[in-house]
$ cat query37.txt   # compact mmCIF, C-alpha atoms and all ligand atoms
# COMPACT_ATOMS: atom_id res chain seq x y z
CA MET A 1 18.25 20.63 13.97
CA LYS A 2 21.79 19.20 13.71
CA PRO A 3 22.48 15.41 13.60
CA ARG A 4 21.92 13.44 16.81
CA GLU A 5 23.96 10.39 17.71
CA ILE A 6 22.04 7.20 18.56
CA ARG A 7 25.09 4.95 18.82
CA PRO A 8 28.67 5.61 17.68
CA GLY A 9 28.43 5.76 13.89
CA ILE A 10 24.61 5.75 13.87
CA SER A 11 22.96 9.17 13.68
CA TRP A 12 19.59 10.78 13.17
CA VAL A 13 20.03 13.15 10.22
CA GLY A 14 16.39 14.08 9.50
CA ALA A 15 14.36 17.28 9.66
CA VAL A 16 11.78 18.60 12.12
CA ASP A 17 8.85 20.39 10.50
CA TRP A 18 7.35 22.55 13.25
CA ASP A 19 5.01 24.45 10.92
CA ARG A 20 3.30 21.76 8.87
CA ARG A 21 -0.41 21.68 9.68
CA LEU A 22 -1.85 19.33 7.07
CA PHE A 23 -0.73 16.03 5.59
CA ASP A 24 -2.00 14.67 2.27
CA ALA A 25 -4.11 17.86 2.17
CA LEU A 26 -6.39 15.97 4.61
CA ILE A 27 -4.89 15.01 7.96
CA PRO A 28 -4.56 17.76 10.59
CA LEU A 29 -1.10 17.99 12.19
CA PRO A 30 -1.69 20.06 15.35
CA ASP A 31 1.84 19.36 16.61
CA GLY A 32 3.79 19.45 13.33
CA THR A 33 5.87 16.42 12.38
CA SER A 34 9.37 15.24 11.55
CA TYR A 35 10.88 13.30 8.66
CA ASN A 36 13.47 11.03 10.24
CA SER A 37 16.42 9.84 8.26
CA TYR A 38 19.31 7.80 9.66
CA LEU A 39 22.96 7.44 8.69
CA VAL A 40 24.49 4.06 9.61
CA LYS A 41 28.24 3.71 9.18
CA GLY A 42 29.79 0.26 9.17
CA SER A 43 33.48 -0.63 9.03
CA GLN A 44 33.25 -0.93 5.23
CA LYS A 45 30.05 0.64 3.95
CA THR A 46 27.65 3.43 4.84
CA ALA A 47 23.87 3.41 4.49
CA LEU A 48 21.28 6.16 4.64
CA ILE A 49 17.92 4.84 5.83
CA ASP A 50 15.07 6.82 4.27
CA ALA A 51 15.31 10.42 3.12
CA VAL A 52 13.05 13.37 3.98
CA ASP A 53 10.22 15.39 2.50
CA PRO A 54 11.54 17.30 -0.55
CA THR A 55 10.74 20.62 1.15
CA MET A 56 13.41 19.73 3.74
CA ARG A 57 16.09 18.37 1.38
CA HIS A 58 18.49 21.16 2.35
CA VAL A 59 18.30 20.11 6.03
CA LEU A 60 19.18 16.49 5.23
CA LEU A 61 22.09 17.49 2.98
CA SER A 62 23.35 19.96 5.55
CA ASN A 63 23.21 17.26 8.26
CA LEU A 64 25.24 14.92 6.05
CA ASP A 65 27.78 17.72 5.54
CA HIS A 66 27.87 18.32 9.28
CA LEU A 67 28.91 14.68 9.77
CA ASP A 68 31.50 15.14 7.05
CA CYS A 69 29.84 12.34 5.10
CA LYS A 70 31.94 11.76 1.98
CA CYS A 71 30.38 8.53 0.76
CA ILE A 72 27.01 6.81 0.89
CA ASP A 73 26.98 3.26 -0.49
CA TYR A 74 23.30 2.44 0.05
CA VAL A 75 20.14 4.49 0.32
CA ILE A 76 17.51 2.28 1.93
CA ALA A 77 14.02 3.26 0.74
CA ASN A 78 11.62 1.61 3.17
CA HIS A 79 8.64 3.40 1.62
CA ALA A 80 8.04 5.30 -1.62
CA GLU A 81 5.77 8.03 -0.23
CA GLN A 82 7.37 11.38 -0.92
CA ASP A 83 7.79 12.48 2.69
CA HIS A 84 10.49 9.78 2.95
CA SER A 85 11.61 9.36 -0.64
CA GLY A 86 11.23 12.88 -2.04
CA ALA A 87 14.83 13.87 -1.28
CA ILE A 88 16.40 10.65 -2.64
CA PRO A 89 17.14 12.26 -6.05
CA ASP A 90 19.03 15.03 -4.22
CA VAL A 91 21.02 12.45 -2.24
CA LEU A 92 21.85 10.58 -5.46
CA GLU A 93 22.99 13.80 -7.08
CA ARG A 94 25.35 14.45 -4.14
CA PHE A 95 26.46 10.80 -3.86
CA PRO A 96 26.27 9.45 -7.43
CA LYS A 97 27.78 6.06 -6.52
CA ALA A 98 25.04 5.26 -4.02
CA GLU A 99 22.72 2.37 -4.80
CA VAL A 100 19.07 2.53 -3.73
CA LEU A 101 17.79 -0.64 -2.02
CA ALA A 102 14.04 -1.15 -1.96
CA SER A 103 11.38 -3.85 -2.15
CA PRO A 104 10.52 -4.90 -5.73
CA LYS A 105 7.22 -3.01 -5.61
CA CYS A 106 8.89 0.06 -4.11
CA LYS A 107 11.45 0.01 -6.92
CA GLY A 108 8.68 0.46 -9.50
CA MET A 109 7.04 3.20 -7.47
CA LEU A 110 10.31 5.15 -7.06
CA VAL A 111 10.70 5.07 -10.84
CA ASP A 112 7.08 6.17 -11.35
CA LEU A 113 6.86 8.81 -8.62
CA LEU A 114 10.34 10.31 -8.65
CA ALA A 115 11.79 9.35 -12.04
CA ILE A 116 14.78 7.70 -10.35
CA PRO A 117 16.58 5.68 -13.07
CA GLU A 118 15.73 1.99 -12.74
CA ALA A 119 19.43 1.07 -12.94
CA LYS A 120 20.08 2.99 -9.71
CA ILE A 121 17.70 0.80 -7.70
CA ARG A 122 18.27 -2.78 -6.56
CA ALA A 123 15.25 -4.75 -5.39
CA VAL A 124 15.86 -6.65 -2.15
CA ASN A 125 13.98 -9.74 -1.02
CA ASP A 126 12.18 -10.34 2.22
CA GLY A 127 14.75 -11.51 4.79
CA GLU A 128 17.71 -10.46 2.62
CA THR A 129 20.66 -8.91 4.43
CA VAL A 130 23.30 -6.45 3.40
CA SER A 131 26.62 -6.15 5.19
CA LEU A 132 28.19 -2.82 6.09
CA GLY A 133 31.25 -4.63 7.46
CA ASP A 134 30.75 -4.90 11.18
CA ARG A 135 27.04 -4.08 10.90
CA THR A 136 24.24 -5.95 9.12
CA LEU A 137 20.92 -4.67 7.81
CA GLU A 138 18.04 -7.11 7.33
CA PHE A 139 15.03 -6.19 5.20
CA ILE A 140 11.59 -7.25 6.36
CA HIS A 141 8.86 -6.90 3.75
CA ALA A 142 5.75 -5.52 5.45
CA PRO A 143 3.19 -4.73 2.77
CA TRP A 144 0.32 -2.35 3.53
CA VAL A 145 1.94 -0.31 6.24
CA HIS A 146 0.19 1.70 4.75
CA TRP A 147 1.17 1.37 1.08
CA PRO A 148 1.66 -1.97 -0.70
CA GLU A 149 5.44 -1.63 -1.13
CA THR A 150 6.53 -0.98 2.45
CA MET A 151 9.39 -2.70 4.24
CA LEU A 152 11.16 -2.38 7.58
CA THR A 153 14.93 -2.43 8.12
CA TYR A 154 16.49 -4.15 11.13
CA LEU A 155 20.04 -3.44 12.30
CA LYS A 156 20.99 -6.77 13.81
CA GLU A 157 24.02 -5.99 15.95
CA GLU A 158 22.42 -3.00 17.72
CA ARG A 159 18.89 -4.43 17.69
CA ILE A 160 17.46 -1.26 16.17
CA LEU A 161 14.31 -1.43 14.04
CA PHE A 162 13.77 1.27 11.39
CA PRO A 163 10.08 0.74 10.53
CA CYS A 164 9.43 3.98 8.58
CA ASP A 165 5.77 4.97 9.14
CA LEU A 166 4.92 2.08 11.49
CA PHE A 167 5.09 3.13 15.18
CA GLY A 168 5.48 6.78 14.12
CA SER A 169 3.81 9.93 15.40
CA HIS A 170 3.27 13.34 13.90
CA LEU A 171 5.09 15.23 16.62
CA ALA A 172 7.68 17.97 16.17
CA THR A 173 10.05 17.89 19.12
CA THR A 174 13.67 18.54 20.05
CA ASP A 175 13.70 15.27 22.00
CA LEU A 176 15.48 12.46 20.19
CA TYR A 177 13.71 9.85 22.32
CA VAL A 178 10.20 9.80 23.77
CA THR A 179 10.24 11.74 27.03
CA ASP A 180 6.52 12.24 27.69
CA GLU A 181 4.78 8.90 27.15
CA GLY A 182 1.32 10.43 27.69
CA GLN A 183 1.86 12.97 24.91
CA LEU A 184 3.40 10.31 22.68
CA HIS A 185 0.49 7.92 23.25
CA GLU A 186 -1.97 10.60 22.11
CA ALA A 187 0.09 11.50 19.01
CA ALA A 188 0.78 7.86 18.10
CA LYS A 189 -2.88 6.93 18.51
CA ARG A 190 -3.94 9.81 16.26
CA TYR A 191 -1.34 8.63 13.73
CA PHE A 192 -2.52 5.01 13.97
CA ALA A 193 -6.15 6.06 13.53
CA GLU A 194 -5.55 8.21 10.49
CA ILE A 195 -2.94 6.12 8.69
CA MET A 196 -2.70 2.55 9.98
CA MET A 197 -6.21 1.61 11.12
CA PRO A 198 -7.52 0.68 7.64
CA PHE A 199 -4.74 -1.94 7.45
CA ARG A 200 -5.24 -3.44 10.90
CA SER A 201 -5.29 -7.06 9.69
CA ASN A 202 -1.94 -6.62 7.88
CA ILE A 203 -0.43 -4.90 10.90
CA GLU A 204 -1.66 -7.77 13.07
CA LYS A 205 0.51 -10.16 11.02
CA HIS A 206 3.51 -7.85 11.11
CA LEU A 207 3.28 -7.42 14.89
CA THR A 208 3.23 -11.18 15.30
CA ARG A 209 6.28 -11.58 13.05
CA LEU A 210 8.19 -8.81 14.84
CA LYS A 211 8.18 -10.89 18.03
CA GLU A 212 11.15 -12.72 16.45
CA TYR A 213 13.20 -9.52 16.47
CA PRO A 214 14.64 -8.33 19.79
CA MET A 215 14.56 -4.54 19.90
CA GLU A 216 16.48 -2.03 21.98
CA VAL A 217 15.34 0.95 19.93
CA ILE A 218 12.53 1.56 17.43
CA ALA A 219 13.47 4.42 15.14
CA PRO A 220 10.41 5.40 13.06
CA SER A 221 10.38 8.00 10.32
CA HIS A 222 8.05 10.42 12.12
CA GLY A 223 8.27 11.64 15.72
CA PRO A 224 10.65 10.72 18.51
CA LEU A 225 12.45 7.37 18.78
CA HIS A 226 11.36 4.69 21.21
CA ASN A 227 14.07 3.60 23.63
CA ARG A 228 11.37 1.70 25.55
CA PRO A 229 9.98 -0.26 22.56
CA GLU A 230 7.60 -2.18 24.80
CA PHE A 231 5.57 1.02 25.35
CA ILE A 232 4.64 1.51 21.68
CA LEU A 233 4.40 -2.24 21.01
CA LYS A 234 1.90 -2.59 23.85
CA ALA A 235 -0.13 0.36 22.56
CA TYR A 236 -0.26 -1.10 19.04
CA HIS A 237 -1.15 -4.49 20.47
CA SER A 238 -4.13 -2.94 22.22
CA TRP A 239 -5.29 -0.96 19.14
CA VAL A 240 -4.98 -4.01 16.88
CA PHE A 241 -5.87 -7.05 18.98
CA ASP A 242 -8.18 -5.88 21.78
CA LYS A 243 -11.98 -5.94 21.60
CA PRO A 244 -13.75 -2.63 21.01
CA ARG A 245 -14.69 -0.82 24.20
CA ASN A 246 -18.02 0.17 25.73
CA ILE A 247 -17.99 3.47 23.81
CA VAL A 248 -20.33 5.14 21.32
CA VAL A 249 -18.92 7.70 18.89
CA LEU A 250 -21.54 10.25 17.90
CA PRO A 251 -20.64 12.70 15.10
CA TYR A 252 -23.56 14.98 14.29
CA ILE A 253 -24.85 18.24 12.86
CA SER A 254 -27.99 20.10 13.86
CA MET A 255 -29.38 23.02 11.84
CA HIS A 256 -32.46 24.07 13.84
CA GLY A 257 -32.15 22.14 17.11
CA SER A 258 -34.18 18.98 16.37
CA THR A 259 -31.21 16.65 15.86
CA GLN A 260 -29.43 18.38 18.76
CA ARG A 261 -32.36 17.49 21.07
CA MET A 262 -32.18 13.85 19.97
CA VAL A 263 -28.40 13.76 20.40
CA GLU A 264 -28.69 15.15 23.93
CA HIS A 265 -31.38 12.61 24.80
CA LEU A 266 -29.34 9.71 23.42
CA VAL A 267 -26.15 10.80 25.19
CA ASP A 268 -28.00 11.06 28.49
CA ALA A 269 -29.74 7.70 28.00
CA LEU A 270 -26.47 5.96 27.14
CA ALA A 271 -24.60 7.55 30.05
CA HIS A 272 -27.33 6.36 32.44
CA ARG A 273 -26.82 2.85 31.11
CA GLY A 274 -23.07 2.96 31.71
CA VAL A 275 -22.06 3.51 28.07
CA SER A 276 -19.42 6.21 27.42
CA VAL A 277 -20.14 8.60 24.57
CA LYS A 278 -17.74 10.71 22.51
CA GLN A 279 -19.80 13.44 20.89
CA PHE A 280 -18.47 15.48 17.92
CA ASN A 281 -20.30 18.51 16.54
CA LEU A 282 -19.07 18.40 12.95
CA THR A 283 -19.28 22.17 12.47
CA SER A 284 -16.05 22.47 14.45
CA ALA A 285 -14.78 18.97 15.27
CA ASP A 286 -11.12 18.01 14.90
CA ILE A 287 -11.33 15.16 12.39
CA GLY A 288 -8.19 13.65 13.92
CA LYS A 289 -9.91 13.37 17.31
CA LEU A 290 -12.93 11.75 15.66
CA ALA A 291 -10.59 9.22 14.02
CA MET A 292 -8.91 8.51 17.36
CA ALA A 293 -12.27 7.92 19.04
CA LEU A 294 -13.12 5.36 16.37
CA VAL A 295 -10.07 3.25 17.33
CA ASP A 296 -11.77 2.04 20.53
CA ALA A 297 -15.51 2.48 19.93
CA GLY A 298 -17.99 -0.40 19.76
CA THR A 299 -20.76 1.63 18.09
CA LEU A 300 -21.07 4.57 15.72
CA VAL A 301 -24.27 6.64 15.81
CA ILE A 302 -24.53 9.34 13.16
CA GLY A 303 -26.75 12.36 13.85
CA THR A 304 -28.02 14.32 10.86
CA PRO A 305 -30.74 16.69 9.78
CA THR A 306 -32.09 16.27 6.25
CA VAL A 307 -30.75 18.67 3.62
CA VAL A 308 -32.96 18.53 0.54
CA ILE A 309 -33.60 14.77 0.93
CA GLY A 310 -30.15 13.54 2.04
CA PRO A 311 -27.80 13.83 5.02
CA HIS A 312 -26.05 17.10 5.81
CA PRO A 313 -22.88 17.24 3.61
CA ASN A 314 -20.60 17.47 6.69
CA VAL A 315 -22.19 14.28 8.02
CA ALA A 316 -21.73 12.57 4.65
CA TYR A 317 -18.04 13.55 4.82
CA ALA A 318 -17.70 11.99 8.30
CA ALA A 319 -19.38 8.80 7.05
CA VAL A 320 -17.00 8.60 4.07
CA LEU A 321 -14.07 9.13 6.43
CA ALA A 322 -15.25 6.39 8.82
CA ASN A 323 -15.72 4.07 5.84
CA ALA A 324 -12.15 4.75 4.69
CA LEU A 325 -10.65 4.27 8.16
CA ARG A 326 -12.39 0.90 8.68
CA PRO A 327 -12.58 1.02 12.48
CA ARG A 328 -13.47 -2.17 14.40
CA ILE A 329 -16.91 -0.85 15.44
CA GLN A 330 -19.60 -3.51 15.32
CA PHE A 331 -22.84 -1.52 15.42
CA VAL A 332 -24.09 1.53 13.53
CA SER A 333 -27.24 3.62 13.74
CA VAL A 334 -28.57 6.98 12.58
CA ILE A 335 -30.66 9.54 14.40
CA GLY A 336 -31.99 12.83 13.00
CA SER A 337 -34.88 14.76 11.61
CA TYR A 338 -36.52 15.94 8.42
CA GLY A 339 -39.04 18.54 7.29
CA TRP A 340 -41.02 16.96 4.45
CA GLY A 341 -39.18 13.79 3.37
CA SER A 342 -35.84 12.06 3.86
CA LYS A 343 -33.56 9.50 2.30
CA ALA A 344 -30.76 10.34 4.73
CA VAL A 345 -30.55 6.81 6.20
CA GLU A 346 -30.40 5.10 2.80
CA GLN A 347 -27.82 7.56 1.49
CA LEU A 348 -25.64 7.25 4.61
CA SER A 349 -25.84 3.44 4.47
CA ALA A 350 -24.56 3.56 0.91
CA LEU A 351 -21.54 5.55 2.06
CA ILE A 352 -20.22 2.93 4.52
CA PRO A 353 -19.92 -0.36 2.59
CA ASN A 354 -16.54 -1.18 4.20
CA LEU A 355 -17.98 -1.30 7.71
CA LYS A 356 -18.95 -4.88 8.52
CA VAL A 357 -21.49 -3.95 11.15
CA GLU A 358 -24.95 -4.72 12.43
CA VAL A 359 -27.26 -1.80 11.67
CA LEU A 360 -29.48 -0.87 14.62
CA SER A 361 -32.92 0.65 13.87
CA PRO A 362 -32.51 4.34 13.07
CA VAL A 363 -34.67 7.03 14.68
CA ILE A 364 -35.72 9.79 12.28
CA ALA A 365 -38.18 12.40 13.59
CA ARG A 366 -40.47 14.57 11.50
CA GLY A 367 -39.62 18.07 12.70
CA PHE A 368 -38.85 18.62 16.38
CA PRO A 369 -38.73 15.25 18.20
CA LYS A 370 -41.97 14.32 19.96
CA GLU A 371 -42.45 12.09 22.98
CA GLU A 372 -42.55 8.93 20.85
CA ASP A 373 -39.35 9.93 19.04
CA LEU A 374 -37.53 10.39 22.34
CA LYS A 375 -38.85 7.02 23.52
CA ALA A 376 -37.42 5.47 20.35
CA VAL A 377 -34.09 7.15 21.11
CA GLU A 378 -34.17 5.59 24.58
CA ALA A 379 -34.93 2.21 23.08
CA LEU A 380 -31.90 2.64 20.82
CA ALA A 381 -29.75 3.44 23.87
CA GLU A 382 -31.05 0.31 25.59
CA THR A 383 -30.29 -1.83 22.54
CA ILE A 384 -26.74 -0.45 22.31
CA ALA A 385 -26.09 -1.05 26.02
CA GLN A 386 -27.40 -4.60 25.72
CA LYS A 387 -25.36 -5.34 22.57
CA HIS A 388 -22.21 -4.04 24.24
CA ARG A 389 -22.85 -6.23 27.30
CA GLU A 390 -23.42 -9.29 25.11
CA GLN A 391 -20.17 -8.64 23.24
CA GLY A 392 -18.25 -8.15 26.48
CA PHE A 393 -17.20 -4.59 25.60
CA ALA A 394 -15.67 -3.12 28.78
FE1 LIG A 401 5.20 9.14 6.27
FE2 LIG A 401 3.41 7.01 4.27
O1 LIG A 401 4.58 8.41 4.66
$ encode --input "query37.txt" --output "structure tokens" --more "lines below"
Ligand code: FEO
Amino acid sequence: MKPREIRPGISWVGAVDWDRRLFDALIPLPDGTSYNSYLVKGSQKTALIDAVDPTMRHVLLSNLDHLDCKCIDYVIANHAEQDHSGAIPDVLERFPKAEVLASPKCKGMLVDLLAIPEAKIRAVNDGETVSLGDRTLEFIHAPWVHWPETMLTYLKEERILFPCDLFGSHLATTDLYVTDEGQLHEAAKRYFAEIMMPFRSNIEKHLTRLKEYPMEVIAPSHGPLHNRPEFILKAYHSWVFDKPRNIVVLPYISMHGSTQRMVEHLVDALAHRGVSVKQFNLTSADIGKLAMALVDAGTLVIGTPTVVIGPHPNVAYAAVLANALRPRIQFVSVIGSYGWGSKAVEQLSALIPNLKVEVLSPVIARGFPKEEDLKAVEALAETIAQKHREQGFA
């Protein structure tokens, strides 16, 4: 896609990747993504804010040609991850006088990851500004969004925030700005769950600090731009600050129907007690949807049969994922079955050390669940409903 003008002299010059289906060889991208890069021309200097994934370097360079860009003075590297920094060496080759501006930690990472000569990079401090003449860029250090070196760039005169990954969405679209807020909310929530959620406490501080910065546009490095910043700020506020909701997330596997019977019984018992359940059969579940469900849930119940003496490997994978994402759930339990012996509960517990949760008594049936097993499942449902009421989860 050709450059798009945001304001006179300020253009989107990135690349839309309609076909990408996996990020970090892990995260599903059902709607593709974009790598947004921005050219900001001042009366005296020109800056490029972030580059693109190296696979799309030709698109960025072609967009700069299209704008007849003859000189870039600064390349702002908000983040060292390659989907935004990978094409910086190509930009420096085309514009050898350009200076890269990055946080001190990012400077080291650009040298390590991309072999950019150290002398080409100037470390900028938190709150430092650089003048482009009639336009001013301010750098806001924002570590752990989602790497330790990240910063945001604020264009003061136009009140535009360039936050790189923060407030982004993996969404390939021809729309420069968000047009469908429902679709954007879904994509941004998926993005938050998979990338930002483990760093919620850092993001909490950054959101509080950003209240000092009036914004007319938020221009992230993935997905469409926000010309109603309050929409995405409100969504982030809810994902970061609000209490968990009256929701149980239930990822499970069943091999011969025993765990399935217990899952069905638990879902029914919870629903009758007014607790919403999001059930994921891990043989076919979209891991991104599971991550999204964890953003709001108060409780995680894991359903597993016993394979040899441990949990089913797909269930172990889901537990490792939940542990990495660090959702704000407060209660965890396990239901499932075994044939002759099981250490599934102990092994699953060992996989989730990051989750600061109260563990509710698991229910593990020998073979197909009997009457007493189903009663224990109902008791678990009652305990969950009561805990959620006590915590005020709505
Ligand atoms: Fe879009 Fe952390 O890179």
$ residues_near_ligand --input "query37.txt" --ligand "ligand LIG 401 (chain A)" --cutoff "10 Å" --atoms "all atoms listed in the file" --output "number ranges by chain"
A: 23-24, 33-36, 52-53, 78-85, 144-147, 150, 164-166, 168-170, 191, 195-196, 220-222
$ closest_residue --input "query37.txt" --among "A:Pro30, A:Pro244, A:Gly223, A:Pro369" --to "Arg328 in chain A" --atoms "all atoms listed in the file"
A:Pro244
$ residues_near_point --input "query37.txt" --point "(-4.3, -1.3, 17.3)" --cutoff "12 Å" --atoms "all atoms listed in the file" --output "PyMOL selection string"
chain A and resi 166-167+185+188-207+232-244+292+294-296+327-328
$ atom_distance --input "query37.txt" --atom1 "CA of Val16 in chain A" --atom2 "CA of Asp65 in chain A"
17.3 Å
$ atom_distance --input "query37.txt" --atom1 "CA of Val320 in chain A" --atom2 "CA of Asn354 in chain A"
9.8 Å
$ residues_around --input "query37.txt" --residues "Ile302 in chain A" --least-positions-apart "3" --cutoff "7 Å" --atoms "all atoms listed in the file" --output "PyMOL selection string"
chain A and resi 250-252+333-335
$ residues_around --input "query37.txt" --residues "range 377-390 of chain A" --least-positions-apart "3" --cutoff "10 Å" --atoms "all atoms listed in the file" --output "PyMOL selection string"
chain A and resi 244-248+262-263+265-276+298-299+301+330-335+360-364+369+371-374+393-394
$ atom_distance --input "query37.txt" --atom1 "CA of Ala344 in chain A" --atom2 "CA of Pro311 in chain A"
4.6 Å
$ decode --input "query37.txt" --residues "range 183-210 of chain A" --atoms "N, CA and C atoms" --output "mmCIF file, in the first residue's frame"
data_model
loop_
_atom_site.group_PDB
_atom_site.id
_atom_site.type_symbol
_atom_site.label_atom_id
_atom_site.label_comp_id
_atom_site.auth_asym_id
_atom_site.auth_seq_id
_atom_site.Cartn_x
_atom_site.Cartn_y
_atom_site.Cartn_z
ATOM 1 N N GLN A 183 -14.636 -4.789 15.740
ATOM 2 C CA GLN A 183 -13.565 -5.649 15.207
ATOM 3 C C GLN A 183 -12.222 -5.274 15.849
ATOM 4 N N LEU A 184 -12.011 -3.969 16.000
ATOM 5 C CA LEU A 184 -10.744 -3.519 16.589
ATOM 6 C C LEU A 184 -10.618 -3.976 18.040
ATOM 7 N N HIS A 185 -11.737 -3.903 18.775
ATOM 8 C CA HIS A 185 -11.710 -4.295 20.189
ATOM 9 C C HIS A 185 -11.278 -5.751 20.314
ATOM 10 N N GLU A 186 -11.842 -6.605 19.456
ATOM 11 C CA GLU A 186 -11.507 -8.035 19.469
ATOM 12 C C GLU A 186 -10.010 -8.230 19.149
ATOM 13 N N ALA A 187 -9.541 -7.561 18.091
ATOM 14 C CA ALA A 187 -8.133 -7.737 17.681
ATOM 15 C C ALA A 187 -7.184 -7.157 18.732
ATOM 16 N N ALA A 188 -7.545 -6.014 19.300
ATOM 17 C CA ALA A 188 -6.666 -5.380 20.299
ATOM 18 C C ALA A 188 -6.646 -6.196 21.593
ATOM 19 N N LYS A 189 -7.780 -6.809 21.918
ATOM 20 C CA LYS A 189 -7.823 -7.622 23.142
ATOM 21 C C LYS A 189 -6.981 -8.888 22.968
ATOM 22 N N ARG A 190 -7.068 -9.486 21.807
ATOM 23 C CA ARG A 190 -6.242 -10.660 21.502
ATOM 24 C C ARG A 190 -4.759 -10.278 21.619
ATOM 25 N N TYR A 191 -4.427 -9.114 21.066
ATOM 26 C CA TYR A 191 -3.043 -8.621 21.084
ATOM 27 C C TYR A 191 -2.590 -8.357 22.520
ATOM 28 N N PHE A 192 -3.463 -7.708 23.297
ATOM 29 C CA PHE A 192 -3.135 -7.434 24.702
ATOM 30 C C PHE A 192 -2.888 -8.748 25.446
ATOM 31 N N ALA A 193 -3.792 -9.720 25.222
ATOM 32 C CA ALA A 193 -3.705 -10.988 25.952
ATOM 33 C C ALA A 193 -2.396 -11.709 25.653
ATOM 34 N N GLU A 194 -2.027 -11.724 24.386
ATOM 35 C CA GLU A 194 -0.874 -12.523 23.978
ATOM 36 C C GLU A 194 0.457 -11.818 24.251
ATOM 37 N N ILE A 195 0.452 -10.493 24.238
ATOM 38 C CA ILE A 195 1.726 -9.772 24.272
ATOM 39 C C ILE A 195 1.889 -8.903 25.515
ATOM 40 N N MET A 196 0.838 -8.218 25.909
ATOM 41 C CA MET A 196 0.956 -7.230 26.987
ATOM 42 C C MET A 196 0.588 -7.757 28.375
ATOM 43 N N MET A 197 -0.318 -8.734 28.429
ATOM 44 C CA MET A 197 -0.877 -9.150 29.726
ATOM 45 C C MET A 197 0.188 -9.527 30.761
ATOM 46 N N PRO A 198 1.286 -10.210 30.361
ATOM 47 C CA PRO A 198 2.281 -10.563 31.393
ATOM 48 C C PRO A 198 2.910 -9.341 32.062
ATOM 49 N N PHE A 199 2.769 -8.165 31.436
ATOM 50 C CA PHE A 199 3.430 -6.954 31.942
ATOM 51 C C PHE A 199 2.414 -5.937 32.434
ATOM 52 N N ARG A 200 1.283 -6.454 32.931
ATOM 53 C CA ARG A 200 0.155 -5.592 33.307
ATOM 54 C C ARG A 200 0.560 -4.522 34.318
ATOM 55 N N SER A 201 1.401 -4.889 35.307
ATOM 56 C CA SER A 201 1.729 -3.906 36.341
ATOM 57 C C SER A 201 2.583 -2.778 35.766
ATOM 58 N N ASN A 202 3.445 -3.077 34.795
ATOM 59 C CA ASN A 202 4.222 -2.004 34.135
ATOM 60 C C ASN A 202 3.299 -1.124 33.307
ATOM 61 N N ILE A 203 2.380 -1.767 32.599
ATOM 62 C CA ILE A 203 1.470 -1.002 31.729
ATOM 63 C C ILE A 203 0.572 -0.103 32.577
ATOM 64 N N GLU A 204 0.221 -0.586 33.756
ATOM 65 C CA GLU A 204 -0.583 0.225 34.688
ATOM 66 C C GLU A 204 0.126 1.561 34.944
ATOM 67 N N LYS A 205 1.431 1.493 35.220
ATOM 68 C CA LYS A 205 2.190 2.737 35.487
ATOM 69 C C LYS A 205 2.250 3.614 34.237
ATOM 70 N N HIS A 206 2.455 3.002 33.095
ATOM 71 C CA HIS A 206 2.552 3.800 31.866
ATOM 72 C C HIS A 206 1.218 4.477 31.546
ATOM 73 N N LEU A 207 0.116 3.758 31.756
ATOM 74 C CA LEU A 207 -1.202 4.361 31.481
ATOM 75 C C LEU A 207 -1.421 5.571 32.382
ATOM 76 N N THR A 208 -1.004 5.442 33.630
ATOM 77 C CA THR A 208 -1.168 6.561 34.568
ATOM 78 C C THR A 208 -0.332 7.752 34.104
ATOM 79 N N ARG A 209 0.899 7.486 33.689
ATOM 80 C CA ARG A 209 1.768 8.583 33.232
ATOM 81 C C ARG A 209 1.224 9.247 31.963
ATOM 82 N N LEU A 210 0.647 8.434 31.079
ATOM 83 C CA LEU A 210 0.180 8.978 29.797
ATOM 84 C C LEU A 210 -0.980 9.957 29.950
#
